[in-house]
$ cat input-v6.cif   # mmCIF, C-alpha atoms and all ligand atoms
data_protein
loop_
_atom_site.label_atom_id
_atom_site.label_comp_id
_atom_site.auth_asym_id
_atom_site.auth_seq_id
_atom_site.Cartn_x
_atom_site.Cartn_y
_atom_site.Cartn_z
CA MET A 525 0.00 0.00 0.00
CA THR A 526 1.52 3.32 -1.12
CA GLU A 527 0.62 6.51 0.71
CA MET A 528 0.78 9.78 -1.25
CA VAL A 529 1.32 13.02 0.64
CA ARG A 530 1.55 16.59 -0.63
CA THR A 531 2.46 18.73 2.38
CA ARG A 532 5.37 18.71 4.81
CA ASP A 533 2.98 18.11 7.74
CA GLU A 534 1.46 15.07 6.03
CA LEU A 535 4.99 13.92 5.21
CA ALA A 536 6.11 14.19 8.84
CA GLN A 537 3.14 12.06 9.95
CA ALA A 538 3.61 9.47 7.20
CA ARG A 539 7.38 9.36 7.79
CA ALA A 540 6.76 8.50 11.46
CA ARG A 541 4.73 5.48 10.35
CA LEU A 542 7.48 4.08 8.08
CA SER A 543 9.26 0.99 9.31
CA GLY A 544 13.01 0.42 9.39
CA PRO A 545 15.65 2.27 7.40
CA VAL A 546 14.19 4.54 4.72
CA VAL A 547 15.63 4.58 1.19
CA LEU A 548 14.77 7.71 -0.77
CA VAL A 549 14.35 7.89 -4.55
CA PRO A 550 14.33 11.58 -5.52
CA THR A 551 12.65 12.14 -8.92
CA MET A 552 10.96 14.79 -11.01
CA GLY A 553 8.29 12.26 -12.04
CA ALA A 554 7.41 11.20 -15.59
CA LEU A 555 8.79 7.86 -14.47
CA HIS A 556 10.39 5.56 -17.06
CA GLU A 557 12.45 2.36 -17.06
CA GLY A 558 15.45 4.22 -15.60
CA HIS A 559 13.36 5.26 -12.60
CA LEU A 560 12.01 1.73 -12.24
CA ALA A 561 15.62 0.57 -11.88
CA LEU A 562 16.08 3.19 -9.13
CA LEU A 563 12.90 1.98 -7.40
CA ARG A 564 13.97 -1.67 -7.61
CA ALA A 565 17.46 -0.88 -6.28
CA ALA A 566 15.87 1.10 -3.44
CA ARG A 567 13.50 -1.77 -2.64
CA SER A 568 16.40 -4.18 -2.45
CA LEU A 569 18.55 -1.80 -0.35
CA ALA A 570 15.65 -1.27 2.07
CA GLY A 571 15.36 -5.02 2.65
CA ASP A 572 12.41 -6.72 4.31
CA GLY A 573 12.35 -4.40 7.32
CA GLY A 574 12.93 -1.08 5.52
CA SER A 575 10.81 1.29 3.46
CA VAL A 576 11.10 3.07 0.11
CA ALA A 577 10.07 6.73 -0.15
CA VAL A 578 9.82 8.47 -3.53
CA SER A 579 9.76 12.23 -4.09
CA ILE A 580 8.10 13.58 -7.21
CA PHE A 581 8.81 17.26 -7.69
CA VAL A 582 9.65 19.27 -10.80
CA ASN A 583 12.08 21.62 -9.09
CA PRO A 584 11.85 25.14 -10.60
CA LEU A 585 15.18 26.08 -9.00
CA GLN A 586 17.13 23.83 -11.37
CA PHE A 587 15.62 25.21 -14.60
CA GLY A 588 17.17 28.23 -16.27
CA PRO A 589 15.35 30.90 -18.30
CA GLY A 590 14.24 29.46 -21.63
CA GLU A 591 14.53 25.86 -20.41
CA ASP A 592 11.65 23.37 -20.39
CA LEU A 593 10.14 23.93 -16.90
CA ASP A 594 6.66 24.61 -18.27
CA ARG A 595 6.56 21.75 -20.73
CA TYR A 596 8.43 19.22 -18.55
CA PRO A 597 6.21 16.08 -18.55
CA ARG A 598 3.97 15.70 -15.49
CA THR A 599 2.29 12.29 -15.19
CA LEU A 600 1.49 11.94 -11.48
CA ASP A 601 -1.35 9.40 -11.80
CA GLU A 602 0.75 7.00 -13.87
CA ASP A 603 3.77 7.60 -11.59
CA LEU A 604 1.75 6.62 -8.51
CA VAL A 605 0.69 3.34 -10.12
CA LEU A 606 4.34 2.52 -10.89
CA CYS A 607 5.51 3.45 -7.38
CA ALA A 608 2.84 1.16 -5.89
CA LYS A 609 3.79 -1.66 -8.23
CA GLU A 610 7.46 -1.36 -7.21
CA GLY A 611 6.66 -1.49 -3.50
CA ALA A 612 7.19 2.14 -2.47
CA ALA A 613 5.60 2.85 0.91
CA LEU A 614 5.46 6.63 0.52
CA VAL A 615 5.29 9.19 -2.30
CA PHE A 616 5.93 12.84 -1.47
CA ALA A 617 4.62 15.05 -4.29
CA PRO A 618 4.69 18.64 -3.03
CA SER A 619 3.75 21.82 -4.90
CA ALA A 620 6.38 24.49 -5.55
CA ALA A 621 4.72 26.65 -2.86
CA GLU A 622 5.02 23.81 -0.37
CA MET A 623 8.72 23.32 -1.11
CA TYR A 624 9.54 27.02 -1.34
CA PRO A 625 6.96 28.78 0.90
CA LYS A 626 8.95 32.02 0.91
CA GLY A 627 9.48 31.91 -2.85
CA ARG A 628 12.98 31.59 -4.26
CA PRO A 629 15.21 30.68 -1.30
CA ALA A 630 17.73 33.29 -0.21
CA VAL A 631 20.11 30.64 1.12
CA THR A 632 21.06 27.87 -1.29
CA VAL A 633 23.76 25.21 -1.63
CA ASP A 634 26.85 26.34 -3.53
CA PRO A 635 28.07 23.40 -5.63
CA GLY A 636 31.60 24.85 -5.81
CA PRO A 637 33.98 24.46 -8.74
CA MET A 638 32.62 21.05 -9.77
CA GLY A 639 29.25 22.67 -10.32
CA ALA A 640 30.65 25.19 -12.78
CA VAL A 641 32.04 22.79 -15.40
CA LEU A 642 30.35 20.73 -18.15
CA GLU A 643 26.62 20.70 -17.28
CA GLY A 644 27.23 23.61 -14.91
CA GLU A 645 28.83 25.68 -17.66
CA PHE A 646 25.93 25.14 -20.07
CA ARG A 647 23.22 25.33 -17.40
CA PRO A 648 24.29 28.08 -14.95
CA GLY A 649 22.57 27.64 -11.59
CA PHE A 650 21.50 24.08 -12.38
CA PHE A 651 23.56 22.27 -9.75
CA GLY A 652 22.86 24.90 -7.09
CA GLY A 653 19.17 24.20 -7.71
CA VAL A 654 19.65 20.43 -7.65
CA LEU A 655 21.73 20.35 -4.46
CA THR A 656 19.39 22.77 -2.67
CA VAL A 657 16.30 20.66 -3.37
CA VAL A 658 18.14 17.40 -2.62
CA LEU A 659 19.30 18.77 0.74
CA LYS A 660 15.74 19.91 1.53
CA LEU A 661 14.39 16.46 0.59
CA PHE A 662 17.02 14.79 2.77
CA ASN A 663 16.00 17.02 5.71
CA LEU A 664 12.29 16.41 5.16
CA VAL A 665 12.38 12.66 4.50
CA ARG A 666 15.43 11.80 6.66
CA PRO A 667 16.53 8.71 4.70
CA SER A 668 19.45 6.41 5.58
CA VAL A 669 20.17 5.83 1.90
CA ALA A 670 19.30 7.70 -1.31
CA VAL A 671 19.64 6.28 -4.81
CA PHE A 672 20.72 8.27 -7.87
CA GLY A 673 21.22 7.19 -11.47
CA GLU A 674 24.66 7.07 -13.08
CA LYS A 675 23.11 8.61 -16.20
CA ASP A 676 23.42 11.95 -14.36
CA ALA A 677 27.05 11.26 -13.47
CA GLN A 678 27.99 14.83 -12.54
CA GLN A 679 24.87 15.18 -10.38
CA PHE A 680 25.75 11.89 -8.69
CA ALA A 681 29.32 13.06 -7.97
CA LEU A 682 28.08 16.40 -6.61
CA VAL A 683 25.45 14.84 -4.33
CA ARG A 684 28.09 12.49 -2.93
CA ARG A 685 30.45 15.42 -2.43
CA MET A 686 27.74 17.47 -0.67
CA VAL A 687 27.01 14.56 1.66
CA ALA A 688 30.72 14.22 2.49
CA ASP A 689 31.47 17.94 2.80
CA LEU A 690 28.38 18.75 4.87
CA ASP A 691 28.49 15.56 7.00
CA LEU A 692 24.97 14.52 6.10
CA GLY A 693 25.48 10.88 7.06
CA ILE A 694 23.40 9.49 4.20
CA ARG A 695 24.63 6.72 1.91
CA ILE A 696 24.36 7.65 -1.76
CA ALA A 697 23.92 4.51 -3.87
CA PRO A 698 24.52 4.52 -7.65
CA VAL A 699 22.22 2.77 -10.12
CA PRO A 700 23.52 1.97 -13.63
CA THR A 701 22.06 3.77 -16.65
CA VAL A 702 19.15 1.97 -18.30
CA ARG A 703 19.19 1.96 -22.11
CA ASP A 704 16.59 1.14 -24.70
CA ALA A 705 17.48 -1.86 -26.91
CA ASP A 706 19.07 0.47 -29.49
CA GLY A 707 21.35 2.10 -26.90
CA LEU A 708 19.48 5.36 -26.15
CA ALA A 709 19.76 6.16 -22.44
CA THR A 710 16.28 6.42 -20.91
CA SER A 711 15.28 9.98 -20.00
CA SER A 712 12.05 11.81 -19.31
CA ARG A 713 13.05 14.17 -22.13
CA ASN A 714 13.15 11.34 -24.71
CA ARG A 715 9.39 11.76 -25.07
CA TYR A 716 10.02 15.16 -26.72
CA LEU A 717 11.86 13.47 -29.64
CA SER A 718 10.25 12.90 -33.04
CA ALA A 719 11.14 9.60 -34.75
CA ASP A 720 13.75 11.38 -36.86
CA GLU A 721 15.26 13.16 -33.84
CA ARG A 722 15.34 9.92 -31.89
CA ALA A 723 17.33 8.28 -34.69
CA ARG A 724 19.81 11.19 -34.56
CA ALA A 725 19.97 11.01 -30.76
CA LEU A 726 21.38 7.49 -31.03
CA THR A 727 24.65 9.13 -32.09
CA LEU A 728 25.33 9.98 -28.42
CA SER A 729 25.46 6.37 -27.23
CA ARG A 730 27.23 5.34 -30.44
CA ALA A 731 29.92 7.94 -29.77
CA LEU A 732 30.35 6.74 -26.20
CA ARG A 733 30.66 3.12 -27.34
CA ALA A 734 33.26 4.14 -29.93
CA GLY A 735 35.20 6.03 -27.25
CA ALA A 736 35.08 3.07 -24.85
CA ALA A 737 36.25 0.71 -27.59
CA ALA A 738 39.37 2.89 -28.03
CA ALA A 739 40.23 2.85 -24.31
CA ALA A 740 43.35 0.72 -24.69
CA ALA A 741 44.89 3.35 -26.99
CA GLY A 742 44.66 6.11 -24.37
CA PRO A 743 42.62 9.24 -23.59
CA ASP A 744 43.29 11.08 -26.87
CA ALA A 745 42.14 8.07 -28.87
CA VAL A 746 38.99 7.78 -26.74
CA LEU A 747 38.06 11.39 -27.40
CA ALA A 748 38.97 11.19 -31.10
CA ALA A 749 36.86 8.07 -31.67
CA ALA A 750 33.85 9.58 -29.91
CA ARG A 751 34.28 12.94 -31.65
CA ALA A 752 34.38 11.24 -35.07
CA GLU A 753 30.93 9.73 -34.45
CA LEU A 754 29.50 13.06 -33.27
CA ASP A 755 30.99 14.94 -36.22
CA GLY A 756 29.37 12.43 -38.58
CA GLU A 757 25.88 13.57 -37.50
CA PRO A 758 25.23 17.16 -38.61
CA GLY A 759 21.78 17.11 -36.99
CA LEU A 760 23.39 17.23 -33.56
CA ALA A 761 24.59 20.41 -31.76
CA VAL A 762 27.23 19.19 -29.32
CA ASP A 763 27.62 21.21 -26.10
CA TYR A 764 30.56 19.20 -24.80
CA LEU A 765 32.43 15.93 -25.04
CA ALA A 766 34.84 15.40 -22.16
CA LEU A 767 36.89 12.70 -20.49
CA VAL A 768 37.02 13.48 -16.79
CA ASP A 769 37.71 12.06 -13.37
CA PRO A 770 34.44 10.53 -12.07
CA GLU A 771 34.76 12.15 -8.64
CA THR A 772 35.94 15.66 -9.50
CA PHE A 773 34.65 16.06 -13.05
CA THR A 774 37.88 17.73 -14.03
CA GLY A 775 40.28 16.52 -16.66
CA PRO A 776 42.22 15.65 -18.60
CA VAL A 777 42.71 12.20 -17.16
CA ASP A 778 45.80 10.24 -17.96
CA SER A 779 44.95 7.11 -16.00
CA ARG A 780 41.86 5.00 -15.57
CA PRO A 781 39.08 5.06 -14.49
CA ALA A 782 37.36 8.02 -16.14
CA VAL A 783 33.96 9.15 -17.32
CA LEU A 784 33.39 10.01 -20.96
CA ALA A 785 30.52 12.50 -20.89
CA VAL A 786 28.56 14.09 -23.70
CA ALA A 787 25.76 16.64 -24.01
CA ALA A 788 24.06 17.59 -27.25
CA ARG A 789 20.92 19.19 -28.56
CA VAL A 790 18.72 17.36 -31.05
CA GLY A 791 16.19 19.87 -32.32
CA ALA A 792 14.82 21.57 -29.18
CA THR A 793 15.74 18.68 -26.91
CA ARG A 794 18.95 18.61 -24.87
CA LEU A 795 20.28 15.15 -23.98
CA ILE A 796 23.18 13.96 -21.83
CA ASP A 797 24.86 10.57 -21.58
CA ASN A 798 28.10 9.09 -20.26
CA VAL A 799 30.07 5.90 -19.97
CA ARG A 800 32.77 4.66 -17.63
CA ILE A 801 36.14 4.13 -19.26
CA GLY A 802 38.27 1.57 -17.46
CA GLY A 803 38.10 0.74 -13.75
CA ALA A 804 35.38 -1.28 -12.09
O1 LIG B 901 17.70 13.76 -11.32
C1 LIG B 901 16.62 14.34 -11.09
O2 LIG B 901 15.53 13.88 -11.45
C2 LIG B 901 16.63 15.66 -10.32
O3 LIG B 901 17.76 16.42 -10.64
C3 LIG B 901 16.51 15.47 -8.80
C4 LIG B 901 17.70 14.72 -8.23
C5 LIG B 901 15.23 14.71 -8.46
C6 LIG B 901 16.46 16.83 -8.10
O4 LIG B 901 15.37 17.59 -8.55
#
$ encode --input "input-v6.cif" --output "structure tokens" --more "lines below"
Ligand code: PAF
Amino acid sequence: MTEMVRTRDELAQARARLSGPVVLVPTMGALHEGHLALLRAARSLAGDGGSVAVSIFVNPLQFGPGEDLDRYPRTLDEDLVLCAKEGAALVFAPSAAEMYPKGRPAVTVDPGPMGAVLEGEFRPGFFGGVLTVVLKLFNLVRPSVAVFGEKDAQQFALVRRMVADLDLGIRIAPVPTVRDADGLATSSRNRYLSADERARALTLSRALRAGAAAAAAGPDAVLAAARAELDGEPGLAVDYLALVDPETFTGPVDSRPAVLAVAARVGATRLIDNVRIGGA
């Protein structure tokens, strides 16, 4: 039985009823196979005695001017069915006014230098918005563990760093990227793509595979192989392709392991993807 709550008071009451350690799955809703993998990992981490809590909140703080806040998919009814099916005990789906009762918060989390590169360079303010809402969700839900997808590798690294730097005492568990059969990483934004755009979007995962296949020849070869795939698709506007350290998101890296990360726009849709090069 899944309980859905919308206010912080209802959340506090429902949280008190949860049994055992709580595993949080923070989401913006529009749940897809990638989220189902997060929910299943959370269910398994919670074990028989623990509980899974899911947050569904399209966080305005992490959208810049001209981004897709207004058209971001909102599918709460379907999301609730999926959460129930995957054994979540609690869904917290607040309004923006509930999360930010005083409007835009005056005090926010500064993601530091790691938040200014790659995604942070192309989406100024994005990681400050993400870390601020994640910290608020941690304070409201008080989980022992929270799960995040490796698809958002820089977000994952920053959340881990925030937990370490601010002594939050929450375990951050990674969940591998889920891909469609043709290689496209699952994303709520994939539903914006026309059939033609989707075909072009496959270049991202193809580029990452080409880069990974060149790993034995060193970092320059990895980047060159991936770049060649991206350059072969004129319908793609590449924001960045970078080979970076998975914990600091700085480069260049001259030893394994590393993350090969890419962001590109296909029509009006911006997609990101990444792959681990070397290491475990
Ligand atoms: O990855 C997401 O869906 C969001 O960035 C998150 C972590 C739920 C914060 O709004």
$ residues_around --input "input-v6.cif" --residues "Cys607 of chain A" --least-positions-apart "5" --cutoff "9 Å" --atoms "all atoms listed in the file" --output "mmCIF file with C-alpha atoms, in the frame of the given file"
data_model
loop_
_atom_site.group_PDB
_atom_site.id
_atom_site.type_symbol
_atom_site.label_atom_id
_atom_site.label_comp_id
_atom_site.auth_asym_id
_atom_site.auth_seq_id
_atom_site.Cartn_x
_atom_site.Cartn_y
_atom_site.Cartn_z
ATOM 1 C CA THR A 526 1.520 3.320 -1.120
ATOM 2 C CA LEU A 555 8.790 7.860 -14.470
ATOM 3 C CA LEU A 560 12.010 1.730 -12.240
ATOM 4 C CA LEU A 563 12.900 1.980 -7.400
ATOM 5 C CA VAL A 578 9.820 8.470 -3.530
ATOM 6 C CA GLU A 602 0.750 7.000 -13.870
ATOM 7 C CA ALA A 612 7.190 2.140 -2.470
ATOM 8 C CA ALA A 613 5.600 2.850 0.910
ATOM 9 C CA LEU A 614 5.460 6.630 0.520
ATOM 10 C CA VAL A 615 5.290 9.190 -2.300
#
$ residues_near_ligand --input "input-v6.cif" --ligand "ligand LIG 901 (chain B)" --cutoff "8 Å" --atoms "all atoms listed in the file" --output "PyMOL selection string"
chain A and resi 549-553+579-583+586+653-655+657-658+672-673+676+679
$ axis_aligned_box --input "input-v6.cif" --around "segment 556-574 of chain A" --padding-each-side "6 Å" --output "lines of an AutoDock Vina configuration file"
center_x = 14.5
center_y = -0.6
center_z = -4.9
size_x = 20.2
size_y = 24.3
size_z = 36.4
$ closest_residue --input "input-v6.cif" --among "A:Leu747, A:Val665, A:Leu569, A:Val699" --to "Phe680 of chain A" --atoms "only C-alpha atoms"
A:Val699
$ closest_atom_pairs --input "input-v6.cif" --of "segment 636-662 of chain A" --to "segment 789-800 of chain A" --cutoff "12 Å" --atoms "all atoms listed in the file" --output "JSON lines"
{"residue": "A:Leu642", "atom": "CA", "partner": "A:Ile796", "partner_atom": "CA", "distance": 10.5}
{"residue": "A:Glu643", "atom": "CA", "partner": "A:Ile796", "partner_atom": "CA", "distance": 8.8}
{"residue": "A:Phe646", "atom": "CA", "partner": "A:Arg794", "partner_atom": "CA", "distance": 10.7}
{"residue": "A:Arg647", "atom": "CA", "partner": "A:Arg794", "partner_atom": "CA", "distance": 10.9}
$ write_last_selection --input "input-v6.cif" --atoms "C-alpha atoms" --output "PDB file, in the coordinates of the input"
ATOM      1  CA  LEU A 642      30.350  20.730 -18.150  1.00  0.00           C
ATOM      2  CA  GLU A 643      26.620  20.700 -17.280  1.00  0.00           C
ATOM      3  CA  PHE A 646      25.930  25.140 -20.070  1.00  0.00           C
ATOM      4  CA  ARG A 647      23.220  25.330 -17.400  1.00  0.00           C
TER       5      ARG A 647
END
